[in-house]
$ cat final_23.cif   # mmCIF, C-alpha atoms
data_start
#
loop_
_atom_site.label_atom_id
_atom_site.label_comp_id
_atom_site.auth_asym_id
_atom_site.auth_seq_id
_atom_site.Cartn_x
_atom_site.Cartn_y
_atom_site.Cartn_z
CA MET A 223 -184.92 -78.62 -128.57
CA ARG A 224 -186.87 -75.35 -128.58
CA ASN A 225 -184.20 -72.94 -127.43
CA ILE A 226 -181.12 -73.14 -129.68
CA THR A 227 -178.08 -71.25 -128.38
CA ILE A 228 -174.40 -70.96 -129.25
CA ASP A 229 -173.67 -73.43 -126.47
CA ASN A 230 -176.13 -76.16 -127.49
CA ILE A 231 -176.34 -75.90 -131.30
CA THR A 232 -173.67 -78.57 -131.87
CA ASP A 233 -175.35 -81.12 -129.61
CA ALA A 234 -178.72 -80.30 -131.16
CA VAL A 235 -177.52 -81.12 -134.67
CA ILE A 236 -175.67 -84.27 -133.57
CA ASN A 237 -178.68 -85.49 -131.60
CA SER A 238 -180.91 -84.98 -134.63
CA MET A 239 -179.18 -87.80 -136.49
CA ASP A 240 -180.93 -91.17 -136.65
CA THR A 241 -179.11 -93.71 -134.50
CA ASP A 242 -179.89 -96.38 -137.11
CA ILE A 243 -177.52 -94.87 -139.68
CA PRO A 244 -174.27 -96.80 -140.32
CA ALA A 245 -171.73 -96.42 -137.52
CA ARG A 246 -169.16 -94.95 -139.91
CA ASN A 247 -171.64 -92.27 -141.01
CA MET A 248 -172.21 -91.37 -137.37
CA GLU A 249 -168.49 -91.27 -136.61
CA ILE A 250 -167.69 -89.01 -139.55
CA MET A 251 -170.63 -86.64 -139.10
CA LYS A 252 -170.16 -86.19 -135.35
CA ALA A 253 -166.51 -85.31 -135.80
CA ALA A 254 -167.19 -83.06 -138.80
CA LEU A 255 -169.96 -81.16 -137.03
CA LYS A 256 -167.89 -80.64 -133.90
CA HIS A 257 -164.88 -79.35 -135.85
CA VAL A 258 -166.90 -77.08 -138.17
CA HIS A 259 -168.81 -75.52 -135.29
CA GLU A 260 -165.65 -75.06 -133.23
CA PHE A 261 -163.90 -73.48 -136.20
CA MET A 262 -166.73 -70.98 -136.62
CA LYS A 263 -166.59 -70.07 -132.95
CA GLU A 264 -162.78 -69.83 -132.96
CA VAL A 265 -162.70 -67.27 -135.78
CA ASN A 266 -166.04 -65.66 -134.80
CA LEU A 267 -167.25 -66.13 -138.37
CA THR A 268 -169.55 -63.35 -139.54
CA TYR A 269 -172.79 -63.93 -141.44
CA ASP A 270 -171.39 -62.10 -144.48
CA GLU A 271 -168.28 -64.32 -144.43
CA TRP A 272 -170.49 -67.42 -144.29
CA LEU A 273 -172.63 -66.15 -147.17
CA GLY A 274 -169.54 -65.33 -149.20
CA ALA A 275 -168.30 -68.89 -148.67
CA MET A 276 -171.63 -70.29 -149.87
CA GLU A 277 -171.46 -68.15 -153.01
CA TRP A 278 -167.88 -69.29 -153.57
CA MET A 279 -168.99 -72.94 -153.33
CA ARG A 280 -171.78 -72.21 -155.81
CA ARG A 281 -169.21 -70.84 -158.26
CA ALA A 282 -167.10 -73.97 -157.75
CA GLY A 283 -170.13 -76.08 -158.63
CA GLU A 284 -170.90 -74.04 -161.74
CA ILE A 285 -167.42 -74.50 -163.20
CA SER A 286 -167.27 -78.22 -162.40
CA SER A 287 -167.95 -80.76 -165.15
CA ASP A 288 -166.97 -84.26 -166.24
CA ALA A 289 -163.71 -82.75 -167.46
CA ARG A 290 -162.98 -80.61 -164.40
CA ASN A 291 -163.91 -81.20 -160.77
CA GLU A 292 -163.28 -77.89 -159.05
CA PHE A 293 -163.86 -79.40 -155.62
CA ILE A 294 -161.00 -81.89 -156.07
CA LEU A 295 -158.80 -78.98 -157.13
CA ILE A 296 -159.84 -77.08 -154.01
CA SER A 297 -159.09 -80.11 -151.84
CA ASP A 298 -155.62 -80.26 -153.43
CA ILE A 299 -154.92 -76.63 -152.58
CA ILE A 300 -155.66 -77.19 -148.88
CA GLY A 301 -153.77 -80.49 -148.71
CA VAL A 302 -156.85 -82.67 -148.26
CA GLU A 303 -156.40 -85.05 -151.20
CA VAL A 304 -152.76 -85.78 -150.38
CA LEU A 305 -153.65 -86.27 -146.70
CA ALA A 306 -156.41 -88.71 -147.66
CA ASP A 307 -153.91 -90.57 -149.83
CA MET A 308 -151.36 -90.75 -147.01
CA LEU A 309 -153.96 -91.93 -144.48
CA ASP A 310 -155.44 -94.59 -146.76
CA LYS A 311 -152.29 -95.82 -148.52
CA LYS A 312 -149.63 -95.97 -145.84
CA PRO A 313 -146.64 -98.05 -147.02
CA THR A 314 -146.32 -101.07 -144.76
CA HIS A 315 -143.71 -103.27 -146.46
CA ASN A 316 -141.26 -100.72 -147.93
CA GLU A 317 -143.26 -100.39 -151.12
CA THR A 318 -142.96 -97.23 -153.21
CA ILE A 319 -144.86 -94.27 -151.74
CA SER A 320 -148.03 -93.22 -153.52
CA THR A 321 -149.24 -89.71 -154.17
CA VAL A 322 -152.22 -88.00 -155.78
CA LEU A 323 -153.64 -89.01 -159.17
CA GLY A 324 -154.22 -85.47 -160.33
CA PRO A 325 -156.92 -84.28 -162.74
CA PHE A 326 -155.25 -85.11 -166.05
CA TYR A 327 -155.24 -88.92 -166.18
CA ARG A 328 -156.90 -90.51 -169.24
CA GLU A 329 -157.90 -94.14 -169.41
CA ASN A 330 -156.71 -96.47 -172.16
CA PRO A 331 -153.63 -94.63 -173.42
CA PRO A 332 -151.78 -96.07 -176.43
CA VAL A 333 -150.16 -99.46 -175.73
CA LEU A 334 -146.50 -99.19 -176.69
CA PRO A 335 -143.54 -101.61 -176.77
CA LYS A 336 -140.76 -101.40 -174.22
CA GLY A 337 -138.42 -98.51 -175.02
CA ALA A 338 -140.88 -96.65 -177.26
CA SER A 339 -141.38 -92.91 -177.21
CA ILE A 340 -144.55 -91.23 -175.91
CA ILE A 341 -143.62 -88.06 -177.84
CA GLN A 342 -145.93 -87.35 -180.77
CA LYS A 343 -145.02 -83.69 -181.20
CA ASP A 344 -141.70 -81.92 -180.71
CA PHE A 345 -141.35 -78.55 -178.96
CA GLU A 346 -138.64 -75.95 -179.32
CA GLY A 347 -136.09 -76.28 -176.54
CA GLN A 348 -137.35 -79.67 -175.33
CA GLU A 349 -135.03 -82.16 -173.66
CA THR A 350 -135.72 -85.83 -174.25
CA VAL A 351 -135.20 -88.37 -171.48
CA ARG A 352 -135.04 -92.17 -171.50
CA VAL A 353 -136.73 -93.43 -168.33
CA SER A 354 -136.10 -96.99 -167.21
CA GLY A 355 -136.07 -99.19 -164.16
CA THR A 356 -137.35 -102.36 -162.54
CA ILE A 357 -140.58 -103.13 -160.74
CA ARG A 358 -140.10 -105.57 -157.84
CA ASP A 359 -142.26 -107.05 -155.13
CA THR A 360 -141.61 -106.44 -151.44
CA ASP A 361 -139.32 -109.50 -151.32
CA GLY A 362 -137.12 -108.04 -154.04
CA ASN A 363 -138.30 -110.28 -156.86
CA PRO A 364 -138.83 -108.68 -160.30
CA VAL A 365 -142.48 -108.67 -161.36
CA PRO A 366 -143.09 -109.34 -165.07
CA GLY A 367 -146.26 -108.36 -166.91
CA VAL A 368 -146.96 -105.22 -164.90
CA THR A 369 -149.06 -102.60 -166.70
CA MET A 370 -147.60 -99.11 -166.38
CA ASP A 371 -149.52 -96.03 -167.54
CA VAL A 372 -147.38 -92.88 -167.84
CA TRP A 373 -148.35 -89.30 -168.62
CA GLU A 374 -146.81 -85.83 -168.38
CA ASP A 375 -147.18 -82.22 -169.42
CA ALA A 376 -145.54 -80.75 -172.52
CA PRO A 377 -142.79 -78.09 -172.45
CA ASN A 378 -145.53 -75.44 -172.74
CA GLY A 379 -146.86 -76.60 -169.35
CA LEU A 380 -150.05 -78.13 -170.76
CA TYR A 381 -151.35 -81.69 -170.81
CA GLU A 382 -152.65 -82.74 -174.21
CA GLN A 383 -156.36 -82.52 -173.29
CA GLN A 384 -155.76 -78.87 -172.31
CA ASP A 385 -154.05 -78.02 -175.59
CA PRO A 386 -155.84 -78.26 -178.97
CA ASP A 387 -152.47 -78.05 -180.74
CA GLN A 388 -151.22 -81.33 -179.27
CA PRO A 389 -152.07 -84.70 -180.85
CA ASP A 390 -154.56 -86.92 -179.03
CA PHE A 391 -152.83 -88.86 -176.22
CA ASN A 392 -149.56 -87.00 -176.74
CA LEU A 393 -147.05 -87.71 -173.94
CA ARG A 394 -149.05 -90.71 -172.72
CA GLY A 395 -148.44 -94.41 -173.01
CA ARG A 396 -149.06 -97.83 -171.55
CA PHE A 397 -146.17 -100.27 -171.14
CA LEU A 398 -145.63 -103.78 -169.78
CA THR A 399 -142.64 -104.92 -167.77
CA ASP A 400 -140.63 -107.69 -169.43
CA GLU A 401 -139.69 -111.07 -167.98
CA ASN A 402 -137.12 -109.34 -165.76
CA GLY A 403 -139.62 -106.82 -164.41
CA GLU A 404 -137.98 -104.04 -166.41
CA TYR A 405 -139.67 -101.09 -168.09
CA GLU A 406 -138.36 -98.37 -170.40
CA PHE A 407 -139.76 -95.46 -172.41
CA VAL A 408 -138.73 -92.11 -173.92
CA ALA A 409 -140.36 -88.90 -172.71
CA ILE A 410 -139.73 -85.16 -172.52
CA ARG A 411 -138.25 -83.57 -169.42
CA PRO A 412 -141.34 -82.30 -167.59
CA VAL A 413 -141.63 -78.63 -166.68
CA PRO A 414 -143.40 -76.82 -163.83
CA TYR A 415 -146.93 -75.74 -164.64
CA PRO A 416 -149.83 -73.94 -162.93
CA ILE A 417 -152.88 -75.84 -161.77
CA PRO A 418 -156.09 -74.30 -163.18
CA TYR A 419 -156.68 -71.06 -161.27
CA ASP A 420 -159.32 -69.30 -163.34
CA GLY A 421 -162.20 -70.39 -161.09
CA ALA A 422 -163.07 -70.84 -157.43
CA ALA A 423 -159.80 -72.66 -156.76
CA GLY A 424 -157.90 -69.64 -158.04
CA GLU A 425 -159.93 -67.40 -155.76
CA LEU A 426 -158.89 -69.59 -152.82
CA LEU A 427 -155.23 -69.45 -153.84
CA LYS A 428 -155.42 -65.65 -153.92
CA TYR A 429 -157.16 -65.60 -150.51
CA MET A 430 -154.36 -67.81 -149.11
CA GLY A 431 -151.60 -65.83 -150.79
CA HIS A 432 -150.29 -68.99 -152.46
CA HIS A 433 -149.03 -69.58 -156.00
CA PRO A 434 -150.56 -72.18 -158.37
CA MET A 435 -147.33 -73.85 -159.55
CA ARG A 436 -146.46 -77.55 -159.50
CA PRO A 437 -142.91 -78.92 -159.93
CA GLY A 438 -142.02 -80.85 -163.06
CA HIS A 439 -142.99 -84.53 -162.74
CA VAL A 440 -144.01 -87.67 -164.62
CA HIS A 441 -147.14 -89.55 -163.53
CA PHE A 442 -147.22 -93.33 -163.09
CA MET A 443 -150.08 -95.76 -162.54
CA ILE A 444 -148.77 -99.28 -161.97
CA MET A 445 -151.22 -102.19 -162.10
CA LYS A 446 -151.17 -105.98 -162.00
CA ASP A 447 -153.75 -108.52 -160.88
CA GLY A 448 -152.92 -109.69 -157.39
CA TYR A 449 -151.08 -106.48 -156.48
CA LYS A 450 -152.18 -103.18 -154.97
CA THR A 451 -152.34 -100.50 -157.67
CA LEU A 452 -149.68 -97.85 -157.20
CA ILE A 453 -150.40 -94.27 -158.25
CA SER A 454 -147.40 -92.01 -157.97
CA GLN A 455 -145.38 -89.17 -159.45
CA ILE A 456 -141.63 -88.95 -160.02
CA TYR A 457 -140.16 -85.46 -159.70
CA ASP A 458 -137.19 -84.02 -161.54
CA SER A 459 -134.55 -83.27 -158.90
CA THR A 460 -133.64 -79.94 -160.55
CA THR A 461 -137.15 -78.60 -161.04
CA GLU A 462 -138.51 -75.50 -159.33
CA TYR A 463 -141.24 -75.75 -156.67
CA LEU A 464 -140.06 -78.99 -155.04
CA ASP A 465 -140.18 -77.19 -151.69
CA ASN A 466 -143.48 -75.39 -152.22
CA ASP A 467 -145.68 -77.51 -154.48
CA SER A 468 -149.13 -75.92 -154.72
CA VAL A 469 -150.84 -79.26 -153.93
CA PHE A 470 -148.27 -80.53 -151.37
CA ALA A 471 -147.72 -83.86 -153.19
CA VAL A 472 -143.87 -84.00 -153.23
CA LYS A 473 -142.19 -86.80 -151.26
CA GLU A 474 -138.41 -87.05 -150.92
CA ASP A 475 -138.45 -90.71 -152.00
CA LEU A 476 -140.19 -89.76 -155.27
CA ILE A 477 -137.45 -87.42 -156.52
CA GLY A 478 -135.47 -88.83 -159.43
CA GLU A 479 -132.31 -87.62 -161.15
CA MET A 480 -132.33 -86.85 -164.85
CA VAL A 481 -128.67 -86.88 -165.89
CA LYS A 482 -126.90 -86.23 -169.16
CA ALA A 483 -127.13 -89.24 -171.45
CA PRO A 484 -123.90 -91.02 -172.43
CA GLU A 485 -122.26 -90.11 -175.71
CA GLY A 486 -124.03 -91.70 -178.66
CA ALA A 487 -127.36 -92.05 -176.86
CA ASP A 488 -130.57 -91.16 -178.70
CA THR A 489 -131.89 -88.90 -175.89
CA ASP A 490 -130.53 -85.85 -174.11
CA LEU A 491 -131.01 -87.30 -170.63
CA VAL A 492 -131.53 -90.60 -168.82
CA MET A 493 -133.26 -91.41 -165.56
CA THR A 494 -133.45 -94.69 -163.67
CA PHE A 495 -136.19 -95.20 -161.12
CA ASN A 496 -137.13 -98.51 -159.51
CA PHE A 497 -140.55 -99.25 -158.04
CA VAL A 498 -141.68 -101.69 -155.37
CA ILE A 499 -145.29 -102.90 -155.36
CA ARG A 500 -147.18 -104.77 -152.65
CA ASP A 501 -149.21 -107.91 -153.30
CA ASN A 502 -152.82 -108.15 -152.17
CA ALA A 503 -152.07 -110.86 -149.64
CA LEU A 504 -149.99 -108.36 -147.70
CA VAL A 505 -152.70 -105.72 -148.10
CA GLU A 506 -155.24 -108.11 -146.58
CA SER A 507 -152.92 -109.10 -143.73
CA VAL A 508 -152.41 -105.43 -142.83
CA ALA A 509 -156.16 -104.79 -142.89
CA ALA A 510 -156.75 -107.74 -140.56
CA GLU A 511 -154.30 -106.49 -137.94
#
$ encode --input "final_23.cif" --output "structure tokens"
Amino acid sequence: MRNITIDNITDAVINSMDTDIPARNMEIMKAALKHVHEFMKEVNLTYDEWLGAMEWMRRAGEISSDARNEFILISDIIGVEVLADMLDKKPTHNETISTVLGPFYRENPPVLPKGASIIQKDFEGQETVRVSGTIRDTDGNPVPGVTMDVWEDAPNGLYEQQDPDQPDFNLRGRFLTDENGEYEFVAIRPVPYPIPYDGAAGELLKYMGHHPMRPGHVHFMIMKDGYKTLISQIYDSTTEYLDNDSVFAVKEDLIGEMVKAPEGADTDLVMTFNFVIRDNALVESVAAE
């Protein structure tokens, strides 16, 4: 096409694609191109605004590394990661709702016995909490031998890999459910904390007029051969920012209550939260429908 205009630019780009590419590639690119071009026309995007966006993306690339993916952080801020999670991991058999993994997961945390503490360092003013519950399948049967990775921030709002003063793998652990499908561990009541906002993601937050804070929560990754892996977060019902999480990951069904422990208990608080996981046979049957 020799004469590119505002009216034909979208079709020109779409028609330039090779028809031999995978159908899914074609579907995604056609939709993306149409929406991006329509967005630009809707807001009458200026050349300087486009150039500023390109420079902003360059800065996001410069700050990204194996330890920090600024583009994932940006996608969190605009609700893209949580939307992708909801689209791809819809609950179909009343299993526990998933939510985003977040940037602070570490593989191979310490393997600990049921009821053990993940606390390696105490903090002034901390509140300890014994977390327990049962993991069941979608028929209500307890599932033994489930691997559960847990991790959380410290009372200073930092995860251990952000904080040189915390011991390695502090506030992290890996547990197995017992023969009754039960799990239990001791943690610290999580506190709200800011997502990293010293880079391009922080610039976007400022542009949007949004804060960087997340509500206090404990992360869970629940795994067992033959079952769909569940990645989720359980939120403290009394924490700030439940109604305006900076990454939009809060779900009502993932809010747990940390209540005062009974007299004589070895923690300040207790929380019970039960999970339901879905076996792969059900996953495959849903995909086939």
$ resolve_selection --input "final_23.cif" --expression "the PyMOL selection byres ((chain A and resi 317) around 12)" --output "number ranges by chain"
A: 311-316, 318-320, 357-362, 449-454, 475-476, 496-501, 504-505
$ resolve_selection --input "final_23.cif" --expression "the PyMOL selection byres ((chain A and resi 462) around 9)" --output "PyMOL selection string"
chain A and resi 413-414+435-438+458-461+463-467
$ closest_residue --input "final_23.cif" --among "A:Ile228, A:Ile285, A:Val235, A:Ile341" --to "A:Gly424" --atoms "all atoms listed in the file"
A:Ile285
$ closest_residue --input "final_23.cif" --among "A:Pro416, A:Gly337, A:Gly486, A:Gly421" --to "A:Gly379" --atoms "all atoms listed in the file"
A:Pro416
$ residues_around --input "final_23.cif" --residues "A:Tyr381" --least-positions-apart "5" --cutoff "9 Å" --atoms "all atoms listed in the file" --output "MDAnalysis selection string"
chainID A and resid 326 373:376 388 392:393
$ residues_around --input "final_23.cif" --residues "stretch 288-299 of chain A" --least-positions-apart "4" --cutoff "9 Å" --atoms "all atoms listed in the file" --output "JSON, numbers by chain"
{"A": [279, 282, 283, 284, 303, 304, 322, 324, 325, 326, 417, 418, 421, 422, 423, 424, 426, 427, 432, 434, 468, 469, 470, 471]}
$ residues_near_point --input "final_23.cif" --point "(-153.7, -95.0, -171.5)" --cutoff "7 Å" --atoms "only C-alpha atoms" --output "list of chain:residue names"
A:Arg328, A:Glu329, A:Asn330, A:Pro331, A:Pro332, A:Asp371, A:Arg394, A:Gly395, A:Arg396
$ resolve_selection --input "final_23.cif" --expression "the PyMOL selection byres ((chain A and resi 348) around 8)" --output "count of residues only"
9
$ atom_distance --input "final_23.cif" --atom1 "atom CA of A:Thr268" --atom2 "atom CA of A:Lys428"
20.3 Å
$ atom_distance --input "final_23.cif" --atom1 "atom CA of A:Val365" --atom2 "atom CA of A:Gly403"
4.6 Å
$ atom_distance --input "final_23.cif" --atom1 "atom CA of A:Val333" --atom2 "atom CA of A:Gln383"
18.2 Å
$ closest_residue --input "final_23.cif" --among "A:Glu406, A:Glu249, A:Asp447, A:Glu264" --to "A:Ile340" --atoms "only C-alpha atoms"
A:Glu406
$ closest_residue --input "final_23.cif" --among "A:Phe442, A:Gln342, A:Tyr327, A:Val372" --to "A:Pro389" --atoms "only C-alpha atoms"
A:Gln342
$ build_atoms --input "final_23.cif" --residues "stretch 474-488 of chain A" --atoms "N, CA, C and O atoms" --output "mmCIF file, in the coordinates of the input"
data_model
loop_
_atom_site.group_PDB
_atom_site.id
_atom_site.type_symbol
_atom_site.label_atom_id
_atom_site.label_comp_id
_atom_site.auth_asym_id
_atom_site.auth_seq_id
_atom_site.Cartn_x
_atom_site.Cartn_y
_atom_site.Cartn_z
ATOM 1 N N GLU A 474 -139.846 -86.943 -150.649
ATOM 2 C CA GLU A 474 -138.410 -87.050 -150.920
ATOM 3 C C GLU A 474 -138.070 -88.322 -151.689
ATOM 4 O O GLU A 474 -137.216 -88.318 -152.589
ATOM 5 N N ASP A 475 -138.745 -89.425 -151.355
ATOM 6 C CA ASP A 475 -138.450 -90.710 -152.000
ATOM 7 C C ASP A 475 -138.923 -90.766 -153.447
ATOM 8 O O ASP A 475 -138.621 -91.741 -154.153
ATOM 9 N N LEU A 476 -139.675 -89.770 -153.894
ATOM 10 C CA LEU A 476 -140.190 -89.760 -155.270
ATOM 11 C C LEU A 476 -139.424 -88.794 -156.168
ATOM 12 O O LEU A 476 -139.870 -88.488 -157.264
ATOM 13 N N ILE A 477 -138.274 -88.328 -155.714
ATOM 14 C CA ILE A 477 -137.450 -87.420 -156.520
ATOM 15 C C ILE A 477 -136.407 -88.236 -157.270
ATOM 16 O O ILE A 477 -135.654 -89.005 -156.672
ATOM 17 N N GLY A 478 -136.413 -88.102 -158.588
ATOM 18 C CA GLY A 478 -135.470 -88.830 -159.430
ATOM 19 C C GLY A 478 -134.480 -87.893 -160.099
ATOM 20 O O GLY A 478 -134.749 -86.693 -160.250
ATOM 21 N N GLU A 479 -133.346 -88.430 -160.517
ATOM 22 C CA GLU A 479 -132.310 -87.620 -161.150
ATOM 23 C C GLU A 479 -132.284 -87.864 -162.652
ATOM 24 O O GLU A 479 -132.118 -88.999 -163.091
ATOM 25 N N MET A 480 -132.479 -86.799 -163.398
ATOM 26 C CA MET A 480 -132.330 -86.850 -164.850
ATOM 27 C C MET A 480 -130.938 -86.337 -165.175
ATOM 28 O O MET A 480 -130.645 -85.157 -164.986
ATOM 29 N N VAL A 481 -130.073 -87.227 -165.646
ATOM 30 C CA VAL A 481 -128.670 -86.880 -165.890
ATOM 31 C C VAL A 481 -128.377 -86.929 -167.377
ATOM 32 O O VAL A 481 -129.109 -87.544 -168.163
ATOM 33 N N LYS A 482 -127.301 -86.275 -167.761
ATOM 34 C CA LYS A 482 -126.900 -86.230 -169.160
ATOM 35 C C LYS A 482 -126.685 -87.644 -169.696
ATOM 36 O O LYS A 482 -126.023 -88.470 -169.057
ATOM 37 N N ALA A 483 -127.251 -87.909 -170.850
ATOM 38 C CA ALA A 483 -127.130 -89.240 -171.450
ATOM 39 C C ALA A 483 -125.691 -89.473 -171.919
ATOM 40 O O ALA A 483 -124.983 -88.521 -172.266
ATOM 41 N N PRO A 484 -125.258 -90.734 -171.943
ATOM 42 C CA PRO A 484 -123.900 -91.020 -172.430
ATOM 43 C C PRO A 484 -123.757 -90.671 -173.906
ATOM 44 O O PRO A 484 -124.745 -90.617 -174.653
ATOM 45 N N GLU A 485 -122.524 -90.456 -174.323
ATOM 46 C CA GLU A 485 -122.260 -90.110 -175.710
ATOM 47 C C GLU A 485 -122.790 -91.193 -176.649
ATOM 48 O O GLU A 485 -122.653 -92.385 -176.383
ATOM 49 N N GLY A 486 -123.466 -90.757 -177.698
ATOM 50 C CA GLY A 486 -124.030 -91.700 -178.660
ATOM 51 C C GLY A 486 -125.453 -92.119 -178.363
ATOM 52 O O GLY A 486 -126.083 -92.814 -179.169
ATOM 53 N N ALA A 487 -125.988 -91.692 -177.213
ATOM 54 C CA ALA A 487 -127.360 -92.050 -176.860
ATOM 55 C C ALA A 487 -128.342 -91.288 -177.746
ATOM 56 O O ALA A 487 -128.018 -90.251 -178.330
ATOM 57 N N ASP A 488 -129.559 -91.794 -177.842
ATOM 58 C CA ASP A 488 -130.570 -91.160 -178.700
ATOM 59 C C ASP A 488 -131.474 -90.196 -177.937
ATOM 60 O O ASP A 488 -132.455 -89.700 -178.485
#
